[in-house]
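Novice: Got a structure here, written out as structure tokens. Questions coming.
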Amino acid sequence: MTMSMRAGLIGILGAAAILGATTAAAFAQTASVQLPVKHPIELAVGGLVSGETSFGTKTAELIGPDGRPVPLFQTDSVLRPGFGLEAHLGVGLSRSFFVEASGSWSQADFRTRITDDIEGVPDTTEKETRTRYAIEGATLWMFANQGKVRWFVRGSAGWARDLTGNDSLVEDAIVGSVGGGMKYLWNPAARGFRIAGFRVEGRALMQKRGLTIGEDRLRVTPAAAGSLIIAF
Amino acid sequence: MTLTPSLRLAGLVVVAVALACGSDVRAYLKLGSRVASGVVQTKWQPNQIPVQYYVTNRNVPGVTAAQLQATLDRAFGTWSSVQTAAISSQFVAFVANEPGDNDNRSVIGFRSRPDLDNKVLGTTSFRLDDQTGRIIESDILLNAAMNWSVAATGEPGRYDVESIALHEIGHLLGLGHSALGETELASGGRSIRGKRTVMFPIAYPSGNVEDRTLKADDIAGISDVYPTPAFQADTGAVSGRVTLNGAGIFGAHVTAFNLNTGDLVGGFSLNERGEFVVGGLAPGLYVVRAEPLDDVDVSAFFDPDSPVTINFKPAYYERLVAVPAGGSSGSIEIKVPSK
């Protein structure tokens with residue numbers, strides 16, 4: 001892989017600027033990486049950004065004399081893009097398979113726009129912050145290697161606790177994700193780690209139950225994540 | 001479409017219409033009376049439950065006494081079926097007594113009352129122990145001057161007994177009126193545009209049977225009066241103040257809208273600090289709105305001398321409100337603009 005290809009790869013995968021700077025320096029130092037054959041242990045710490053989830057509209061309604069609804073006002077709710085921190089502790093079962101335990105903390109705002117008030121109250125937007133703590137188990141399949149780059153797909157499932165309203169409202173959710181990405185690994189032997197690197201990935205986050213708006217159904221939200229890796 | 005004025009469900013013959021003057025700011029209007037020790041909530045005591053009632057043995061055109069009793073049984077059953085309220089009832093016998101008689105019996109029946117204006121469908125009255133506020137009897141009068149029906153799907157030109165009885169039984173059990181409705185001026189008074197509670201003081205037009213079904217607001221109200229342990233553990237409340245130019249206002253109607261279920265539950269600010277509590281809410285996120293009590297006569301809700309403020313515009317609380325199970329949102333302040 002040429003340097004220009006590497007730089008392009010980093011750009012496409014959207015790694016954070018600080019990660020890019022670190023790895024660019026590393027390229028010149030290490031020619032190849034010697035991955036452990038059995039049971040390498042990886043610790044990854046990083047951040048994630050989730051996309052917007054729409055919950056659609058709901059109308060506050062009275063019932064008219066003819067049985068038809070009489071709207072009081074209408075709401076349109078979304079969970080705005082959020083951010084969070086996450087950590088993964090993984091172990092390789094083979095050259096191709098990893099299992100990992102993940103924990104994360106994230107925040108995002110519910111935002112509800114209120115319109116069409118029956119008494120003419122001006123349209124307004126209200127919000128409330130949701131904080132989520134999640135624990136998941138995941139499996140990674142490394143399906144292709146290109147030098148220091150290992151491409152993977154990942155699936156996870158777990159449990160999350162959602163808090164809002166000064167942490168007074170607590171709801172538990174079943175969460176999961178599917179996605180894929182790449183790990184870039186090298187041997188910074190001089191720094192005392194056997195392997196170091198980073199990973200970036202895209203995910204489709206799924207949840208059932210939890211703090212939500214509207215009917216309880218499976219909801220899918222896009223997300224991107226990046227982590228720094230050390231391996232032993 | 002021509003709207004005809006809806007008929008009013010009459011107010012109550014009880015000393016205080018609402019528990020508005022005590023320290024209790026639970027916002028669903030409950031009936032109360034003033035006794036020597038202060039204001040006492042008007043409700044049936046545990047040893048008076050099941051509530052025993054008698055039915056006047058009188059027919060009116062379209063409805064026999066037996067049909068009335070069967071209909072009342074369904075209406076009482078509707079209230080008793082609320083799983084978060086510990087209330088039940090029992091029919092005792094047909095009697096010659098009239099509703100309104102002082103006979104130590106709770107009597108329900110049709111009766112002519114020329115003094116009632118021709119817009120009153122029914123009234124509920126109480127006789128209370130003036131020392132303790134304990135209910136001695138509570139009667140429901142259905143105005144015999146009206147046209148009534150017990151038809152399964154309603155009957156044009158006739159008022160549905162079950163719907164009106166469900167409302168009046170709500171009073172008999174201790175509920176005041178709810179303001180969860182909108183009206184418009186029409187010839188002869190106000191007509192209803194819509195409502196989301198059986199306990200709104202204005203009924204649907206004749207032929208309508210929508211009020212045979214309790215709404216979330218009614219369920220929250222009856223559960224607040226006769227709460228089960230599950231109600232207290234599983235539901236929460238929005239609490240706070242309604243203020244106008246920084247000062248609390250009495251009698252603002254506060255509505256909580258559940259973004260998950262679409263349920264609406266209403267209540268009032270019940271002191272001059274503007275404090276309110278809207279209880280009986282399923283946990284979740286809510287939109288909270290305050291409005292003046294301008295759709296019906298204030299006297300349908302509060303004592304005439306209550307300092308009800310209506311000189312303000314409706315407004316929403318500025319944030320979504322999180323309601324936890326078994327707890328409260330924490331105090332919020334709804335700032336309403338003046339008219």
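Chain lettering (A, B, ...) mirrors the order of the structure tokens, residue numbering begins at 1 for each chain separately, and ligand numbering begins at 1 in order of display.
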Kindly provide the residues of chain B that approach chain A to within 6 Å, each paired with its closest atom pair and their distance in Å to one decimal, based on only C-alpha atoms, listed by chain and increasing number, as a tab-separated table.

Specialist:
residue	atom	partner	partner_atom	distance
B:Arg193	CA	A:Gly64	CA	5.6
B:Gly194	CA	A:Gly64	CA	4.0
B:Lys195	CA	A:Leu62	CA	4.7
B:Arg196	CA	A:Leu62	CA	5.0
B:Tyr204	CA	A:Pro65	CA	5.8
B:Leu259	CA	A:Ile213	CA	5.9
B:Asn260	CA	A:Gly214	CA	4.1
B:Glu318	CA	A:Glu126	CA	5.9
B:Arg319	CA	A:Glu126	CA	4.5
B:Leu320	CA	A:Lys127	CA	5.4
B:Ala322	CA	A:Gly165	CA	5.0
B:Pro324	CA	A:Leu169	CA	4.4

Novice: Got a sec to tell me which of range 123-232 of chain B DSSP assigns to helix (DSSP H, G or I), as a ChimeraX atom specification?

Specialist: /B:161-172,210-212,216-225,229-232

Novice: List as number ranges by chain the protein and nucleic acid residues near Pro114 in chain B, meaning an atom at most 10 Å away when only C-alpha atoms are counted, but skip any in the same chain fewer than 4 places from it.

Specialist: B: 118, 143-145

Novice: Next, write the just-selected residues to a file, as a PDB file, in the first residue's frame, keeping C-alpha atoms as the atom set.

Specialist:
ATOM      1  CA  ASN B 118     -83.596  22.979  30.824  1.00  0.00           C
ATOM      2  CA  ASN B 143     -83.486  15.052  34.749  1.00  0.00           C
ATOM      3  CA  ALA B 144     -86.775  13.396  33.813  1.00  0.00           C
ATOM      4  CA  ALA B 145     -87.605  16.322  31.563  1.00  0.00           C
TER       5      ALA B 145
END

Novice: Pro156 in chain B: which residues within 12 Å, counting only C-alpha atoms, same-chain residues fewer than 6 positions away excluded, as an MDAnalysis selection string?

Specialist: chainID B and resid 147:150 205:209

Novice: Env of Leu128 in chain B: 9 Å cut, atoms = only C-alpha atoms, seq-sep filter 3 positions within chain, self excluded. Answer as a PyMOL selection string.

Specialist: chain B and resi 14+33+42+131-138

Novice: Which residues, written as an mmCIF file with all heavy atoms, in the first residue's frame, have at least one atom at most 12 Å from Gly47 in chain A, with only C-alpha atoms counted and residues fewer than 6 positions away on the same chain left out?

Specialist:
data_model
loop_
_atom_site.group_PDB
_atom_site.id
_atom_site.type_symbol
_atom_site.label_atom_id
_atom_site.label_comp_id
_atom_site.auth_asym_id
_atom_site.auth_seq_id
_atom_site.Cartn_x
_atom_site.Cartn_y
_atom_site.Cartn_z
ATOM 1 N N ALA A 15 -11.395 8.946 10.408
ATOM 2 C CA ALA A 15 -10.721 8.917 11.699
ATOM 3 C C ALA A 15 -10.504 10.331 12.197
ATOM 4 O O ALA A 15 -10.384 11.270 11.416
ATOM 5 C CB ALA A 15 -9.380 8.205 11.566
ATOM 6 N N ALA A 16 -10.449 10.466 13.483
ATOM 7 C CA ALA A 16 -10.237 11.782 14.054
ATOM 8 C C ALA A 16 -8.865 12.306 13.665
ATOM 9 O O ALA A 16 -7.935 11.548 13.391
ATOM 10 C CB ALA A 16 -10.339 11.703 15.577
ATOM 11 N N LEU A 19 -5.865 11.000 15.498
ATOM 12 C CA LEU A 19 -5.486 9.643 15.140
ATOM 13 C C LEU A 19 -4.673 9.657 13.858
ATOM 14 O O LEU A 19 -3.668 8.973 13.727
ATOM 15 C CB LEU A 19 -6.734 8.772 14.955
ATOM 16 C CG LEU A 19 -7.540 8.488 16.208
ATOM 17 C CD1 LEU A 19 -8.760 7.658 15.839
ATOM 18 C CD2 LEU A 19 -6.698 7.757 17.217
ATOM 19 N N GLY A 82 -25.840 12.201 18.623
ATOM 20 C CA GLY A 82 -25.210 12.202 19.939
ATOM 21 C C GLY A 82 -23.746 11.813 19.856
ATOM 22 O O GLY A 82 -23.218 11.529 18.774
ATOM 23 N N PHE A 83 -23.129 11.826 20.984
ATOM 24 C CA PHE A 83 -21.719 11.455 21.041
ATOM 25 C C PHE A 83 -21.511 10.616 22.303
ATOM 26 O O PHE A 83 -22.351 10.621 23.213
ATOM 27 C CB PHE A 83 -20.820 12.698 21.102
ATOM 28 C CG PHE A 83 -20.986 13.482 22.377
ATOM 29 C CD1 PHE A 83 -20.129 13.281 23.450
ATOM 30 C CD2 PHE A 83 -22.022 14.384 22.508
ATOM 31 C CE1 PHE A 83 -20.300 13.980 24.631
ATOM 32 C CE2 PHE A 83 -22.199 15.087 23.698
ATOM 33 C CZ PHE A 83 -21.333 14.885 24.757
ATOM 34 N N GLY A 84 -20.370 9.934 22.343
ATOM 35 C CA GLY A 84 -20.113 9.126 23.525
ATOM 36 C C GLY A 84 -18.693 8.617 23.559
ATOM 37 O O GLY A 84 -17.874 8.889 22.662
ATOM 38 N N LEU A 85 -18.396 7.902 24.594
ATOM 39 C CA LEU A 85 -17.098 7.262 24.780
ATOM 40 C C LEU A 85 -17.332 5.767 24.940
ATOM 41 O O LEU A 85 -18.365 5.355 25.486
ATOM 42 C CB LEU A 85 -16.398 7.810 26.033
ATOM 43 C CG LEU A 85 -16.155 9.315 26.062
ATOM 44 C CD1 LEU A 85 -15.631 9.734 27.431
ATOM 45 C CD2 LEU A 85 -15.165 9.710 24.960
ATOM 46 N N GLU A 86 -16.361 4.989 24.460
ATOM 47 C CA GLU A 86 -16.532 3.552 24.597
ATOM 48 C C GLU A 86 -15.189 2.876 24.767
ATOM 49 O O GLU A 86 -14.139 3.431 24.399
ATOM 50 C CB GLU A 86 -17.278 2.961 23.409
ATOM 51 C CG GLU A 86 -16.577 3.132 22.067
ATOM 52 C CD GLU A 86 -17.371 2.525 20.913
ATOM 53 O OE1 GLU A 86 -18.540 2.145 21.123
ATOM 54 O OE2 GLU A 86 -16.810 2.446 19.810
ATOM 55 N N ALA A 87 -15.244 1.694 25.336
ATOM 56 C CA ALA A 87 -14.037 0.890 25.521
ATOM 57 C C ALA A 87 -14.367 -0.555 25.172
ATOM 58 O O ALA A 87 -15.483 -1.019 25.415
ATOM 59 C CB ALA A 87 -13.551 0.985 26.965
ATOM 60 N N HIS A 88 -13.377 -1.213 24.577
ATOM 61 C CA HIS A 88 -13.551 -2.612 24.202
ATOM 62 C C HIS A 88 -12.371 -3.410 24.762
ATOM 63 O O HIS A 88 -11.223 -2.988 24.634
ATOM 64 C CB HIS A 88 -13.544 -2.790 22.679
ATOM 65 C CG HIS A 88 -14.411 -1.819 21.947
ATOM 66 N ND1 HIS A 88 -15.773 -1.950 21.867
ATOM 67 C CD2 HIS A 88 -14.104 -0.685 21.263
ATOM 68 C CE1 HIS A 88 -16.266 -0.953 21.148
ATOM 69 N NE2 HIS A 88 -15.264 -0.157 20.776
ATOM 70 N N GLY A 103 -18.095 -1.486 26.707
ATOM 71 C CA GLY A 103 -18.891 -0.614 27.566
ATOM 72 C C GLY A 103 -18.894 0.780 26.979
ATOM 73 O O GLY A 103 -17.903 1.213 26.371
ATOM 74 N N SER A 104 -19.999 1.474 27.109
ATOM 75 C CA SER A 104 -20.054 2.816 26.522
ATOM 76 C C SER A 104 -20.910 3.746 27.359
ATOM 77 O O SER A 104 -21.781 3.315 28.131
ATOM 78 C CB SER A 104 -20.600 2.757 25.095
ATOM 79 O OG SER A 104 -21.945 2.332 25.091
ATOM 80 N N TRP A 105 -20.635 5.002 27.197
ATOM 81 C CA TRP A 105 -21.435 6.090 27.758
ATOM 82 C C TRP A 105 -21.716 7.039 26.606
ATOM 83 O O TRP A 105 -20.821 7.350 25.820
ATOM 84 C CB TRP A 105 -20.658 6.807 28.849
ATOM 85 C CG TRP A 105 -21.230 8.137 29.250
ATOM 86 C CD1 TRP A 105 -22.105 8.370 30.261
ATOM 87 C CD2 TRP A 105 -20.944 9.411 28.663
ATOM 88 N NE1 TRP A 105 -22.401 9.710 30.329
ATOM 89 C CE2 TRP A 105 -21.712 10.376 29.357
ATOM 90 C CE3 TRP A 105 -20.144 9.844 27.608
ATOM 91 C CZ2 TRP A 105 -21.687 11.732 29.046
ATOM 92 C CZ3 TRP A 105 -20.122 11.208 27.286
ATOM 93 C CH2 TRP A 105 -20.888 12.129 28.010
ATOM 94 N N SER A 106 -22.963 7.473 26.489
ATOM 95 C CA SER A 106 -23.271 8.398 25.393
ATOM 96 C C SER A 106 -24.402 9.337 25.805
ATOM 97 O O SER A 106 -25.169 9.046 26.732
ATOM 98 C CB SER A 106 -23.672 7.625 24.132
ATOM 99 O OG SER A 106 -24.825 6.847 24.370
ATOM 100 N N GLN A 107 -24.475 10.429 25.108
ATOM 101 C CA GLN A 107 -25.547 11.399 25.351
ATOM 102 C C GLN A 107 -26.117 11.876 24.021
ATOM 103 O O GLN A 107 -25.392 12.044 23.042
ATOM 104 C CB GLN A 107 -25.040 12.612 26.134
ATOM 105 C CG GLN A 107 -24.880 12.349 27.623
ATOM 106 C CD GLN A 107 -24.741 13.635 28.417
ATOM 107 O OE1 GLN A 107 -24.198 14.606 27.928
ATOM 108 N NE2 GLN A 107 -25.232 13.613 29.648
ATOM 109 N N PHE A 198 -5.113 1.659 15.719
ATOM 110 C CA PHE A 198 -6.431 2.283 15.892
ATOM 111 C C PHE A 198 -7.433 1.522 15.047
ATOM 112 O O PHE A 198 -7.063 0.714 14.174
ATOM 113 C CB PHE A 198 -6.394 3.754 15.488
ATOM 114 C CG PHE A 198 -6.179 3.989 14.031
ATOM 115 C CD1 PHE A 198 -7.253 4.080 13.149
ATOM 116 C CD2 PHE A 198 -4.900 4.130 13.518
ATOM 117 C CE1 PHE A 198 -7.050 4.298 11.801
ATOM 118 C CE2 PHE A 198 -4.687 4.332 12.173
ATOM 119 C CZ PHE A 198 -5.756 4.424 11.309
ATOM 120 N N ARG A 199 -8.676 1.757 15.337
ATOM 121 C CA ARG A 199 -9.724 1.154 14.514
ATOM 122 C C ARG A 199 -10.817 2.180 14.281
ATOM 123 O O ARG A 199 -11.094 3.017 15.163
ATOM 124 C CB ARG A 199 -10.270 -0.115 15.147
ATOM 125 C CG ARG A 199 -11.216 0.079 16.289
ATOM 126 C CD ARG A 199 -11.511 -1.262 16.951
ATOM 127 N NE ARG A 199 -12.932 -1.442 17.225
ATOM 128 C CZ ARG A 199 -13.427 -2.444 17.949
ATOM 129 N NH1 ARG A 199 -12.604 -3.361 18.461
ATOM 130 N NH2 ARG A 199 -14.719 -2.553 18.150
ATOM 131 N N VAL A 200 -11.404 2.111 13.132
ATOM 132 C CA VAL A 200 -12.564 2.951 12.816
ATOM 133 C C VAL A 200 -13.624 2.047 12.202
ATOM 134 O O VAL A 200 -13.303 1.045 11.564
ATOM 135 C CB VAL A 200 -12.202 4.102 11.853
ATOM 136 C CG1 VAL A 200 -11.313 5.115 12.541
ATOM 137 C CG2 VAL A 200 -11.553 3.568 10.599
ATOM 138 N N GLU A 201 -14.852 2.398 12.440
ATOM 139 C CA GLU A 201 -15.923 1.515 11.967
ATOM 140 C C GLU A 201 -17.238 2.269 11.845
ATOM 141 O O GLU A 201 -17.436 3.322 12.473
ATOM 142 C CB GLU A 201 -16.079 0.340 12.933
ATOM 143 C CG GLU A 201 -16.393 0.753 14.358
ATOM 144 C CD GLU A 201 -16.267 -0.417 15.322
ATOM 145 O OE1 GLU A 201 -17.092 -1.337 15.273
ATOM 146 O OE2 GLU A 201 -15.318 -0.379 16.136
ATOM 147 N N ALA A 223 -24.213 4.990 13.093
ATOM 148 C CA ALA A 223 -23.189 5.524 14.004
ATOM 149 C C ALA A 223 -21.812 5.268 13.425
ATOM 150 O O ALA A 223 -21.617 4.358 12.609
ATOM 151 C CB ALA A 223 -23.313 4.873 15.382
ATOM 152 N N ALA A 224 -20.860 6.065 13.847
ATOM 153 C CA ALA A 224 -19.459 5.860 13.497
ATOM 154 C C ALA A 224 -18.632 5.900 14.774
ATOM 155 O O ALA A 224 -18.972 6.636 15.708
ATOM 156 C CB ALA A 224 -18.989 6.942 12.526
ATOM 157 N N ALA A 225 -17.590 5.095 14.818
ATOM 158 C CA ALA A 225 -16.783 5.033 16.035
ATOM 159 C C ALA A 225 -15.307 4.926 15.665
ATOM 160 O O ALA A 225 -14.948 4.409 14.612
ATOM 161 C CB ALA A 225 -17.206 3.830 16.892
ATOM 162 N N GLY A 226 -14.461 5.407 16.533
ATOM 163 C CA GLY A 226 -13.024 5.290 16.359
ATOM 164 C C GLY A 226 -12.358 5.038 17.697
ATOM 165 O O GLY A 226 -12.787 5.596 18.711
ATOM 166 N N SER A 227 -11.344 4.169 17.719
ATOM 167 C CA SER A 227 -10.686 3.834 18.986
ATOM 168 C C SER A 227 -9.187 3.698 18.789
ATOM 169 O O SER A 227 -8.718 3.329 17.712
ATOM 170 C CB SER A 227 -11.212 2.492 19.526
ATOM 171 O OG SER A 227 -12.597 2.483 19.642
ATOM 172 N N LEU A 228 -8.463 3.990 19.831
ATOM 173 C CA LEU A 228 -7.043 3.666 19.885
ATOM 174 C C LEU A 228 -6.901 2.282 20.488
ATOM 175 O O LEU A 228 -7.628 1.921 21.421
ATOM 176 C CB LEU A 228 -6.294 4.685 20.736
ATOM 177 C CG LEU A 228 -6.239 6.116 20.179
ATOM 178 C CD1 LEU A 228 -5.616 7.041 21.212
ATOM 179 C CD2 LEU A 228 -5.440 6.140 18.881
#

Novice: Taking into account only C-alpha atoms, which residue in the set A:Leu205, A:Val153, A:Leu79, A:Leu93 is nearest to Glu136 in chain A?

Specialist: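 Of all the options, A:Leu205 lies closest to Glu136 in chain A.
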
Novice: Enumerate, as a PyMOL selection string, the complete set of residues in range 7-229 of chain A that a backbone-based DSSP assignment places in strand (DSSP E or B).

Specialist: chain A and resi 41-50+53-63+69-79+82-92+97-115+124-146+149-164+169-186+195-209+219-229

Novice: Pick out the residues sitting within 7 Å of range 277-291 of chain B, and hand them over as number ranges by chain; count only C-alpha atoms, and ignore anything fewer than 6 positions along from it in its own chain.

Specialist: B: 25-28, 220, 224, 235-240, 252-259, 266-267, 313-317, 320-325

Novice: Would you save the residues of that selection, restricted to C-alpha atoms, as a PDB file, in the first residue's frame?

Specialist:
ATOM      1  CA  VAL B  25     -52.066  20.696  45.324  1.00  0.00           C
ATOM      2  CA  ARG B  26     -52.734  17.393  43.641  1.00  0.00           C
ATOM      3  CA  ALA B  27     -54.197  18.923  40.581  1.00  0.00           C
ATOM      4  CA  TYR B  28     -57.049  16.636  39.691  1.00  0.00           C
ATOM      5  CA  ALA B 220     -55.781   9.204  36.794  1.00  0.00           C
ATOM      6  CA  ASP B 224     -55.786   9.536  42.810  1.00  0.00           C
ATOM      7  CA  THR B 235     -47.125   6.140  38.053  1.00  0.00           C
ATOM      8  CA  GLY B 236     -45.494   9.505  38.520  1.00  0.00           C
ATOM      9  CA  ALA B 237     -46.311  13.170  38.485  1.00  0.00           C
ATOM     10  CA  VAL B 238     -45.437  16.491  36.941  1.00  0.00           C
ATOM     11  CA  SER B 239     -45.198  19.169  39.564  1.00  0.00           C
ATOM     12  CA  GLY B 240     -44.311  22.808  39.640  1.00  0.00           C
ATOM     13  CA  ALA B 252     -54.466  27.618  35.569  1.00  0.00           C
ATOM     14  CA  HIS B 253     -55.353  24.455  33.700  1.00  0.00           C
ATOM     15  CA  VAL B 254     -52.258  22.310  33.215  1.00  0.00           C
ATOM     16  CA  THR B 255     -52.204  19.487  30.680  1.00  0.00           C
ATOM     17  CA  ALA B 256     -49.587  16.736  30.450  1.00  0.00           C
ATOM     18  CA  PHE B 257     -49.284  14.993  27.075  1.00  0.00           C
ATOM     19  CA  ASN B 258     -47.539  11.634  27.011  1.00  0.00           C
ATOM     20  CA  LEU B 259     -45.347  11.453  23.919  1.00  0.00           C
ATOM     21  CA  GLY B 266     -55.129  17.575  33.123  1.00  0.00           C
ATOM     22  CA  GLY B 267     -55.123  19.406  36.393  1.00  0.00           C
ATOM     23  CA  LYS B 313     -52.378  33.204  27.224  1.00  0.00           C
ATOM     24  CA  PRO B 314     -51.669  29.490  26.916  1.00  0.00           C
ATOM     25  CA  ALA B 315     -48.021  28.450  26.973  1.00  0.00           C
ATOM     26  CA  TYR B 316     -45.845  25.367  26.978  1.00  0.00           C
ATOM     27  CA  TYR B 317     -43.184  24.530  29.495  1.00  0.00           C
ATOM     28  CA  LEU B 320     -39.778  18.115  27.724  1.00  0.00           C
ATOM     29  CA  VAL B 321     -40.594  16.770  31.153  1.00  0.00           C
ATOM     30  CA  ALA B 322     -39.397  13.368  32.324  1.00  0.00           C
ATOM     31  CA  VAL B 323     -41.820  11.611  34.658  1.00  0.00           C
ATOM     32  CA  PRO B 324     -40.425   8.681  36.660  1.00  0.00           C
ATOM     33  CA  ALA B 325     -42.385   5.800  38.149  1.00  0.00           C
TER      34      ALA B 325
END

Novice: Work out how far CA of Pro229 in chain B is from CA of Gly327 in chain B, in Å to one decimal.

Specialist: 13.4 Å

Novice: Between CA of Gln48 in chain B and CA of Gln90 in chain B, what is the distance, to one decimal in Å?

Specialist: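 Computing it gives 10.7 Å between the two atoms.
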